[in-house]
Amino acid sequence: PGYRVHPTKVMVVGVSKKAVNRRIFEDEFAAQLKAHGVDAVASYTVLPDKKQDDQEAIAAKVKELGADSVLITRLVSKKTVKVYVPGMPYFPPPYYGRWPDYYGYGYREMYTPGYMSEEQFAIMETNLYGAANDSLIWAATSETEMSGADLSLIKEYVGTMVNNMVGYGLLNK
């Protein structure tokens, strides 16, 4: 709560086994941070994939670039939730040729069968650290339904995190 400084240069680190997802996350965070007046550097542009888990290499690049903060985002876990979707009533089209057909129509309500559906969620974590003393400035964990393509989910997630940082006064509007 006592943190009152706006980050001016952020090293964005996406932790992912898929290099393409890492790049998309880092590029999207960098673009959205830049839209709020922050100079942001995607770590993959200065660090090869094989150095992604090398803390000393990351720290050296942060210092070399003069970054005042490091934003790290990662997939913590995935979960599947089973949801029951109940059946819906429907009425077959009426036949009015004879009164017994019309009378019987009222008893012909039918239902579509209910079914089980699975929804998948990604549990994501994003942390912002001060580069001077490696201390945590801001942290967020979210649960995002995985209903679309990776790219659209990533953009939506990053937008939510950046808006959250704006809401806490970490970024300019």
# chains A, B, ... in the order shown; residues from 1 in each chain; ligands from 1
>>> residues_around(residues="A:Met146", least_positions_apart="2", cutoff="7 Å", atoms="only C-alpha atoms", output="PDB file with C-alpha atoms, in the first residue's frame")
ATOM      1  CA  GLN A 120     -11.594 -25.559 -18.323  1.00  0.00           C
ATOM      2  CA  PHE A 121      -9.990 -22.738 -16.371  1.00  0.00           C
ATOM      3  CA  ALA A 122      -6.425 -21.448 -16.318  1.00  0.00           C
ATOM      4  CA  THR A 144      -9.776 -17.480 -16.635  1.00  0.00           C
ATOM      5  CA  GLY A 148     -11.374 -19.313 -27.029  1.00  0.00           C
TER       6      GLY A 148
END
>>> residues_around(residues="A:Gly114", least_positions_apart="4", cutoff="7 Å", atoms="only C-alpha atoms", output="list of chain:residue names")
A:Val85, A:Pro86, A:Gly87
>>> write_last_selection(atoms="all heavy atoms", output="mmCIF file, in the first residue's frame")
data_model
loop_
_atom_site.group_PDB
_atom_site.id
_atom_site.type_symbol
_atom_site.label_atom_id
_atom_site.label_comp_id
_atom_site.auth_asym_id
_atom_site.auth_seq_id
_atom_site.Cartn_x
_atom_site.Cartn_y
_atom_site.Cartn_z
ATOM 1 N N VAL A 85 -26.014 -29.288 -17.539
ATOM 2 C CA VAL A 85 -26.893 -28.427 -18.337
ATOM 3 C C VAL A 85 -28.232 -29.147 -18.415
ATOM 4 O O VAL A 85 -28.335 -30.213 -19.034
ATOM 5 C CB VAL A 85 -26.315 -28.177 -19.747
ATOM 6 C CG1 VAL A 85 -27.255 -27.307 -20.559
ATOM 7 C CG2 VAL A 85 -24.919 -27.567 -19.656
ATOM 8 N N PRO A 86 -29.279 -28.588 -17.770
ATOM 9 C CA PRO A 86 -30.571 -29.288 -17.737
ATOM 10 C C PRO A 86 -31.249 -29.292 -19.102
ATOM 11 O O PRO A 86 -30.978 -28.446 -19.958
ATOM 12 C CB PRO A 86 -31.392 -28.476 -16.737
ATOM 13 C CG PRO A 86 -30.770 -27.131 -16.728
ATOM 14 C CD PRO A 86 -29.308 -27.330 -17.044
ATOM 15 N N GLY A 87 -32.132 -30.275 -19.273
ATOM 16 C CA GLY A 87 -32.911 -30.354 -20.505
ATOM 17 C C GLY A 87 -33.887 -29.196 -20.603
ATOM 18 O O GLY A 87 -34.224 -28.559 -19.611
#
>>> closest_residue(among="A:Ile72, A:Leu153, A:Val81, A:Met11", to="A:Ala140", atoms="only C-alpha atoms")
A:Ile72
>>> atom_distance(atom1="atom CA of A:Ala42", atom2="atom CA of A:Leu151")
16.5 Å
>>> atom_distance(atom1="atom CA of A:Ala59", atom2="atom CA of A:Lys17")
20.3 Å
>>> closest_residue(among="A:Met124, A:Leu71, A:Ile137, A:Val46", to="A:Leu170", atoms="only C-alpha atoms")
A:Ile137
>>> residues_around(residues="A:Ala132", least_positions_apart="5", cutoff="12 Å", atoms="only C-alpha atoms", output="PyMOL selection string")
chain A and resi 7+59+62-63+66-70+137
>>> write_last_selection(atoms="N, CA, C and O atoms", output="PDB file, in the first residue's frame")
ATOM      1  N   PRO A   7       6.286   2.570 -12.146  1.00  0.00           N
ATOM      2  CA  PRO A   7       7.393   1.974 -12.891  1.00  0.00           C
ATOM      3  C   PRO A   7       7.618   2.751 -14.189  1.00  0.00           C
ATOM      4  O   PRO A   7       6.655   3.177 -14.832  1.00  0.00           O
ATOM      5  N   ALA A  59      18.603 -11.138 -14.104  1.00  0.00           N
ATOM      6  CA  ALA A  59      19.013 -10.014 -13.251  1.00  0.00           C
ATOM      7  C   ALA A  59      20.058  -9.145 -13.946  1.00  0.00           C
ATOM      8  O   ALA A  59      20.008  -7.910 -13.869  1.00  0.00           O
ATOM      9  N   VAL A  62      18.272  -7.069 -16.581  1.00  0.00           N
ATOM     10  CA  VAL A  62      17.477  -6.022 -15.944  1.00  0.00           C
ATOM     11  C   VAL A  62      18.386  -4.847 -15.599  1.00  0.00           C
ATOM     12  O   VAL A  62      18.070  -3.687 -15.883  1.00  0.00           O
ATOM     13  N   LYS A  63      19.540  -5.155 -15.024  1.00  0.00           N
ATOM     14  CA  LYS A  63      20.501  -4.103 -14.645  1.00  0.00           C
ATOM     15  C   LYS A  63      21.062  -3.419 -15.887  1.00  0.00           C
ATOM     16  O   LYS A  63      21.151  -2.185 -15.949  1.00  0.00           O
ATOM     17  N   GLY A  66      18.642  -1.066 -17.388  1.00  0.00           N
ATOM     18  CA  GLY A  66      18.218   0.015 -16.508  1.00  0.00           C
ATOM     19  C   GLY A  66      16.749  -0.074 -16.129  1.00  0.00           C
ATOM     20  O   GLY A  66      16.112   0.940 -15.838  1.00  0.00           O
ATOM     21  N   ALA A  67      16.208  -1.292 -16.121  1.00  0.00           N
ATOM     22  CA  ALA A  67      14.802  -1.485 -15.742  1.00  0.00           C
ATOM     23  C   ALA A  67      14.644  -1.280 -14.238  1.00  0.00           C
ATOM     24  O   ALA A  67      15.498  -1.692 -13.458  1.00  0.00           O
ATOM     25  N   ASP A  68      13.560  -0.605 -13.864  1.00  0.00           N
ATOM     26  CA  ASP A  68      13.314  -0.395 -12.439  1.00  0.00           C
ATOM     27  C   ASP A  68      12.368  -1.434 -11.849  1.00  0.00           C
ATOM     28  O   ASP A  68      12.154  -1.465 -10.643  1.00  0.00           O
ATOM     29  N   SER A  69      11.797  -2.293 -12.715  1.00  0.00           N
ATOM     30  CA  SER A  69      10.912  -3.339 -12.209  1.00  0.00           C
ATOM     31  C   SER A  69      10.871  -4.522 -13.170  1.00  0.00           C
ATOM     32  O   SER A  69      11.242  -4.412 -14.332  1.00  0.00           O
ATOM     33  N   VAL A  70      10.426  -5.646 -12.626  1.00  0.00           N
ATOM     34  CA  VAL A  70      10.316  -6.889 -13.389  1.00  0.00           C
ATOM     35  C   VAL A  70       8.897  -7.420 -13.197  1.00  0.00           C
ATOM     36  O   VAL A  70       8.440  -7.580 -12.058  1.00  0.00           O
ATOM     37  N   ILE A 137       6.007  -5.729  -5.410  1.00  0.00           N
ATOM     38  CA  ILE A 137       5.242  -4.485  -5.409  1.00  0.00           C
ATOM     39  C   ILE A 137       3.752  -4.778  -5.517  1.00  0.00           C
ATOM     40  O   ILE A 137       2.934  -4.194  -4.823  1.00  0.00           O
TER      41      ILE A 137
END
>>> residues_around(residues="A:Leu171", least_positions_apart="2", cutoff="12 Å", atoms="only C-alpha atoms", output="PDB file with N, CA, C and O atoms, in the first residue's frame")
ATOM      1  N   TYR A   3       3.592   1.823  -1.619  1.00  0.00           N
ATOM      2  CA  TYR A   3       4.332   2.025  -2.863  1.00  0.00           C
ATOM      3  C   TYR A   3       3.669   3.143  -3.657  1.00  0.00           C
ATOM      4  O   TYR A   3       2.503   3.065  -4.001  1.00  0.00           O
ATOM      5  N   ARG A   4       4.406   4.204  -3.967  1.00  0.00           N
ATOM      6  CA  ARG A   4       3.817   5.359  -4.642  1.00  0.00           C
ATOM      7  C   ARG A   4       4.528   5.723  -5.950  1.00  0.00           C
ATOM      8  O   ARG A   4       4.205   6.709  -6.564  1.00  0.00           O
ATOM      9  N   VAL A   5       5.498   4.955  -6.358  1.00  0.00           N
ATOM     10  CA  VAL A   5       6.268   5.260  -7.555  1.00  0.00           C
ATOM     11  C   VAL A   5       5.693   4.498  -8.740  1.00  0.00           C
ATOM     12  O   VAL A   5       5.353   3.330  -8.627  1.00  0.00           O
ATOM     13  N   HIS A   6       5.591   5.161  -9.885  1.00  0.00           N
ATOM     14  CA  HIS A   6       5.159   4.471 -11.107  1.00  0.00           C
ATOM     15  C   HIS A   6       6.379   3.844 -11.760  1.00  0.00           C
ATOM     16  O   HIS A   6       7.410   4.508 -11.922  1.00  0.00           O
ATOM     17  N   PRO A   7       6.286   2.570 -12.146  1.00  0.00           N
ATOM     18  CA  PRO A   7       7.393   1.974 -12.891  1.00  0.00           C
ATOM     19  C   PRO A   7       7.618   2.751 -14.189  1.00  0.00           C
ATOM     20  O   PRO A   7       6.655   3.177 -14.832  1.00  0.00           O
ATOM     21  N   THR A   8       8.875   2.936 -14.563  1.00  0.00           N
ATOM     22  CA  THR A   8       9.169   3.643 -15.805  1.00  0.00           C
ATOM     23  C   THR A   8       9.728   2.706 -16.870  1.00  0.00           C
ATOM     24  O   THR A   8       9.531   2.933 -18.055  1.00  0.00           O
ATOM     25  N   LYS A   9      10.427   1.669 -16.431  1.00  0.00           N
ATOM     26  CA  LYS A   9      10.949   0.689 -17.379  1.00  0.00           C
ATOM     27  C   LYS A   9      10.787  -0.699 -16.762  1.00  0.00           C
ATOM     28  O   LYS A   9      11.325  -0.982 -15.692  1.00  0.00           O
ATOM     29  N   VAL A  10      10.061  -1.556 -17.454  1.00  0.00           N
ATOM     30  CA  VAL A  10       9.716  -2.881 -16.938  1.00  0.00           C
ATOM     31  C   VAL A  10      10.262  -3.962 -17.866  1.00  0.00           C
ATOM     32  O   VAL A  10      10.077  -3.897 -19.077  1.00  0.00           O
ATOM     33  N   GLN A  32       0.693  -3.208 -23.978  1.00  0.00           N
ATOM     34  CA  GLN A  32      -0.299  -2.560 -23.120  1.00  0.00           C
ATOM     35  C   GLN A  32       0.346  -1.678 -22.061  1.00  0.00           C
ATOM     36  O   GLN A  32      -0.213  -0.643 -21.687  1.00  0.00           O
ATOM     37  N   LEU A  33       1.523  -2.058 -21.579  1.00  0.00           N
ATOM     38  CA  LEU A  33       2.234  -1.193 -20.630  1.00  0.00           C
ATOM     39  C   LEU A  33       2.694   0.085 -21.325  1.00  0.00           C
ATOM     40  O   LEU A  33       2.606   1.182 -20.761  1.00  0.00           O
ATOM     41  N   LYS A  34       3.182  -0.046 -22.555  1.00  0.00           N
ATOM     42  CA  LYS A  34       3.605   1.131 -23.322  1.00  0.00           C
ATOM     43  C   LYS A  34       2.437   2.082 -23.552  1.00  0.00           C
ATOM     44  O   LYS A  34       2.605   3.304 -23.567  1.00  0.00           O
ATOM     45  N   ALA A  35       1.240   1.533 -23.721  1.00  0.00           N
ATOM     46  CA  ALA A  35       0.055   2.366 -23.906  1.00  0.00           C
ATOM     47  C   ALA A  35      -0.245   3.212 -22.666  1.00  0.00           C
ATOM     48  O   ALA A  35      -0.968   4.197 -22.741  1.00  0.00           O
ATOM     49  N   HIS A  36       0.339   2.837 -21.534  1.00  0.00           N
ATOM     50  CA  HIS A  36       0.167   3.582 -20.282  1.00  0.00           C
ATOM     51  C   HIS A  36       1.428   4.363 -19.914  1.00  0.00           C
ATOM     52  O   HIS A  36       1.630   4.728 -18.758  1.00  0.00           O
ATOM     53  N   GLY A  37       2.298   4.571 -20.894  1.00  0.00           N
ATOM     54  CA  GLY A  37       3.470   5.413 -20.690  1.00  0.00           C
ATOM     55  C   GLY A  37       4.665   4.742 -20.044  1.00  0.00           C
ATOM     56  O   GLY A  37       5.577   5.412 -19.582  1.00  0.00           O
ATOM     57  N   VAL A  38       4.673   3.418 -20.010  1.00  0.00           N
ATOM     58  CA  VAL A  38       5.777   2.680 -19.393  1.00  0.00           C
ATOM     59  C   VAL A  38       6.638   2.070 -20.496  1.00  0.00           C
ATOM     60  O   VAL A  38       6.111   1.450 -21.424  1.00  0.00           O
ATOM     61  N   ASP A  39       7.947   2.252 -20.401  1.00  0.00           N
ATOM     62  CA  ASP A  39       8.855   1.595 -21.332  1.00  0.00           C
ATOM     63  C   ASP A  39       8.947   0.135 -20.898  1.00  0.00           C
ATOM     64  O   ASP A  39       9.367  -0.155 -19.782  1.00  0.00           O
ATOM     65  N   LEU A 128       4.667  -8.119  -9.918  1.00  0.00           N
ATOM     66  CA  LEU A 128       5.533  -7.006 -10.277  1.00  0.00           C
ATOM     67  C   LEU A 128       6.509  -6.797  -9.133  1.00  0.00           C
ATOM     68  O   LEU A 128       6.097  -6.626  -7.980  1.00  0.00           O
ATOM     69  N   TRP A 138       3.412  -5.706  -6.398  1.00  0.00           N
ATOM     70  CA  TRP A 138       2.008  -5.997  -6.688  1.00  0.00           C
ATOM     71  C   TRP A 138       1.903  -7.439  -7.152  1.00  0.00           C
ATOM     72  O   TRP A 138       2.795  -7.948  -7.826  1.00  0.00           O
ATOM     73  N   MET A 161      -5.139  -7.551 -16.218  1.00  0.00           N
ATOM     74  CA  MET A 161      -4.036  -7.289 -15.286  1.00  0.00           C
ATOM     75  C   MET A 161      -3.573  -5.829 -15.361  1.00  0.00           C
ATOM     76  O   MET A 161      -3.345  -5.186 -14.330  1.00  0.00           O
ATOM     77  N   VAL A 162      -3.451  -5.304 -16.562  1.00  0.00           N
ATOM     78  CA  VAL A 162      -3.006  -3.910 -16.720  1.00  0.00           C
ATOM     79  C   VAL A 162      -4.055  -2.959 -16.138  1.00  0.00           C
ATOM     80  O   VAL A 162      -3.701  -2.006 -15.429  1.00  0.00           O
ATOM     81  N   ASN A 163      -5.323  -3.218 -16.394  1.00  0.00           N
ATOM     82  CA  ASN A 163      -6.377  -2.378 -15.807  1.00  0.00           C
ATOM     83  C   ASN A 163      -6.360  -2.443 -14.289  1.00  0.00           C
ATOM     84  O   ASN A 163      -6.629  -1.448 -13.612  1.00  0.00           O
ATOM     85  N   ASN A 164      -6.045  -3.607 -13.746  1.00  0.00           N
ATOM     86  CA  ASN A 164      -5.925  -3.765 -12.306  1.00  0.00           C
ATOM     87  C   ASN A 164      -4.780  -2.913 -11.762  1.00  0.00           C
ATOM     88  O   ASN A 164      -4.906  -2.257 -10.727  1.00  0.00           O
ATOM     89  N   MET A 165      -3.661  -2.903 -12.474  1.00  0.00           N
ATOM     90  CA  MET A 165      -2.517  -2.088 -12.056  1.00  0.00           C
ATOM     91  C   MET A 165      -2.860  -0.599 -12.119  1.00  0.00           C
ATOM     92  O   MET A 165      -2.460   0.181 -11.243  1.00  0.00           O
ATOM     93  N   VAL A 166      -3.613  -0.208 -13.134  1.00  0.00           N
ATOM     94  CA  VAL A 166      -4.072   1.196 -13.222  1.00  0.00           C
ATOM     95  C   VAL A 166      -4.971   1.513 -12.030  1.00  0.00           C
ATOM     96  O   VAL A 166      -4.822   2.554 -11.391  1.00  0.00           O
ATOM     97  N   GLY A 167      -5.868   0.599 -11.704  1.00  0.00           N
ATOM     98  CA  GLY A 167      -6.778   0.793 -10.583  1.00  0.00           C
ATOM     99  C   GLY A 167      -6.063   0.963  -9.257  1.00  0.00           C
ATOM    100  O   GLY A 167      -6.542   1.682  -8.368  1.00  0.00           O
ATOM    101  N   TYR A 168      -4.923   0.313  -9.102  1.00  0.00           N
ATOM    102  CA  TYR A 168      -4.146   0.430  -7.859  1.00  0.00           C
ATOM    103  C   TYR A 168      -3.152   1.581  -7.912  1.00  0.00           C
ATOM    104  O   TYR A 168      -2.341   1.755  -7.002  1.00  0.00           O
ATOM    105  N   GLY A 169      -3.193   2.358  -8.989  1.00  0.00           N
ATOM    106  CA  GLY A 169      -2.316   3.522  -9.082  1.00  0.00           C
ATOM    107  C   GLY A 169      -0.884   3.224  -9.474  1.00  0.00           C
ATOM    108  O   GLY A 169      -0.017   4.080  -9.333  1.00  0.00           O
ATOM    109  N   LYS A 173      -3.328   6.323 -16.302  1.00  0.00           N
ATOM    110  CA  LYS A 173      -4.527   5.942 -17.058  1.00  0.00           C
ATOM    111  C   LYS A 173      -4.350   6.130 -18.503  1.00  0.00           C
ATOM    112  O   LYS A 173      -3.828   6.292 -19.325  1.00  0.00           O
TER     113      LYS A 173
END
>>> select_by_dssp(residues="chain A", states="strand (DSSP E)", output="JSON, numbers by chain")
{"A": [9, 10, 11, 12, 13, 14, 15, 39, 40, 41, 42, 69, 70, 71, 72, 73, 74, 75, 76, 77, 78, 79, 80, 81, 82, 83, 84, 85, 89, 90, 110, 111, 115, 116, 117, 118, 119, 120, 121, 122, 123, 124, 125, 126, 127, 128, 129, 130, 136, 137, 138, 139, 140, 141, 142, 143, 144, 145]}
>>> atom_distance(atom1="atom CA of A:Thr73", atom2="atom CA of A:Asn21")
11.3 Å
>>> select_by_dssp(residues="chain A", states="helix (DSSP H, G or I)", output="MDAnalysis selection string")
chainID A and resid 19:34 43:45 49:51 55:65 99:105 150:167
>>> closest_residue(among="A:Ala131, A:Val12, A:Ile123, A:Ala30", to="A:Leu75", atoms="only C-alpha atoms")
A:Ile123
>>> closest_residue(among="A:Thr160, A:Ala139, A:Met88, A:Asn172", to="A:Glu28", atoms="only C-alpha atoms")
A:Thr160
>>> decode(residues="stretch 80-91 of chain A", atoms="N, CA and C atoms", output="mmCIF file, in the first residue's frame")
data_model
loop_
_atom_site.group_PDB
_atom_site.id
_atom_site.type_symbol
_atom_site.label_atom_id
_atom_site.label_comp_id
_atom_site.auth_asym_id
_atom_site.auth_seq_id
_atom_site.Cartn_x
_atom_site.Cartn_y
_atom_site.Cartn_z
ATOM 1 N N THR A 80 -10.555 -28.310 -14.311
ATOM 2 C CA THR A 80 -11.741 -28.635 -15.091
ATOM 3 C C THR A 80 -12.931 -28.702 -14.146
ATOM 4 N N VAL A 81 -13.999 -28.036 -14.518
ATOM 5 C CA VAL A 81 -15.213 -28.023 -13.720
ATOM 6 C C VAL A 81 -16.312 -28.663 -14.545
ATOM 7 N N LYS A 82 -17.002 -29.638 -13.942
ATOM 8 C CA LYS A 82 -18.120 -30.291 -14.623
ATOM 9 C C LYS A 82 -19.400 -29.544 -14.266
ATOM 10 N N VAL A 83 -20.184 -29.257 -15.291
ATOM 11 C CA VAL A 83 -21.418 -28.500 -15.125
ATOM 12 C C VAL A 83 -22.559 -29.282 -15.762
ATOM 13 N N TYR A 84 -23.662 -29.401 -15.036
ATOM 14 C CA TYR A 84 -24.835 -30.065 -15.590
ATOM 15 C C TYR A 84 -25.693 -29.023 -16.306
ATOM 16 N N VAL A 85 -26.014 -29.288 -17.539
ATOM 17 C CA VAL A 85 -26.893 -28.427 -18.337
ATOM 18 C C VAL A 85 -28.232 -29.147 -18.415
ATOM 19 N N PRO A 86 -29.279 -28.588 -17.770
ATOM 20 C CA PRO A 86 -30.571 -29.288 -17.737
ATOM 21 C C PRO A 86 -31.249 -29.292 -19.102
ATOM 22 N N GLY A 87 -32.132 -30.275 -19.273
ATOM 23 C CA GLY A 87 -32.911 -30.354 -20.505
ATOM 24 C C GLY A 87 -33.887 -29.196 -20.603
ATOM 25 N N MET A 88 -34.330 -28.943 -21.806
ATOM 26 C CA MET A 88 -35.259 -27.839 -22.049
ATOM 27 C C MET A 88 -36.564 -28.407 -22.606
ATOM 28 N N PRO A 89 -37.723 -27.859 -22.163
ATOM 29 C CA PRO A 89 -38.995 -28.336 -22.721
ATOM 30 C C PRO A 89 -39.212 -27.780 -24.132
ATOM 31 N N TYR A 90 -39.855 -28.557 -24.940
ATOM 32 C CA TYR A 90 -40.274 -28.072 -26.249
ATOM 33 C C TYR A 90 -41.578 -28.763 -26.601
ATOM 34 N N PHE A 91 -42.275 -28.175 -27.526
ATOM 35 C CA PHE A 91 -43.574 -28.706 -27.918
ATOM 36 C C PHE A 91 -43.520 -29.059 -29.392
#
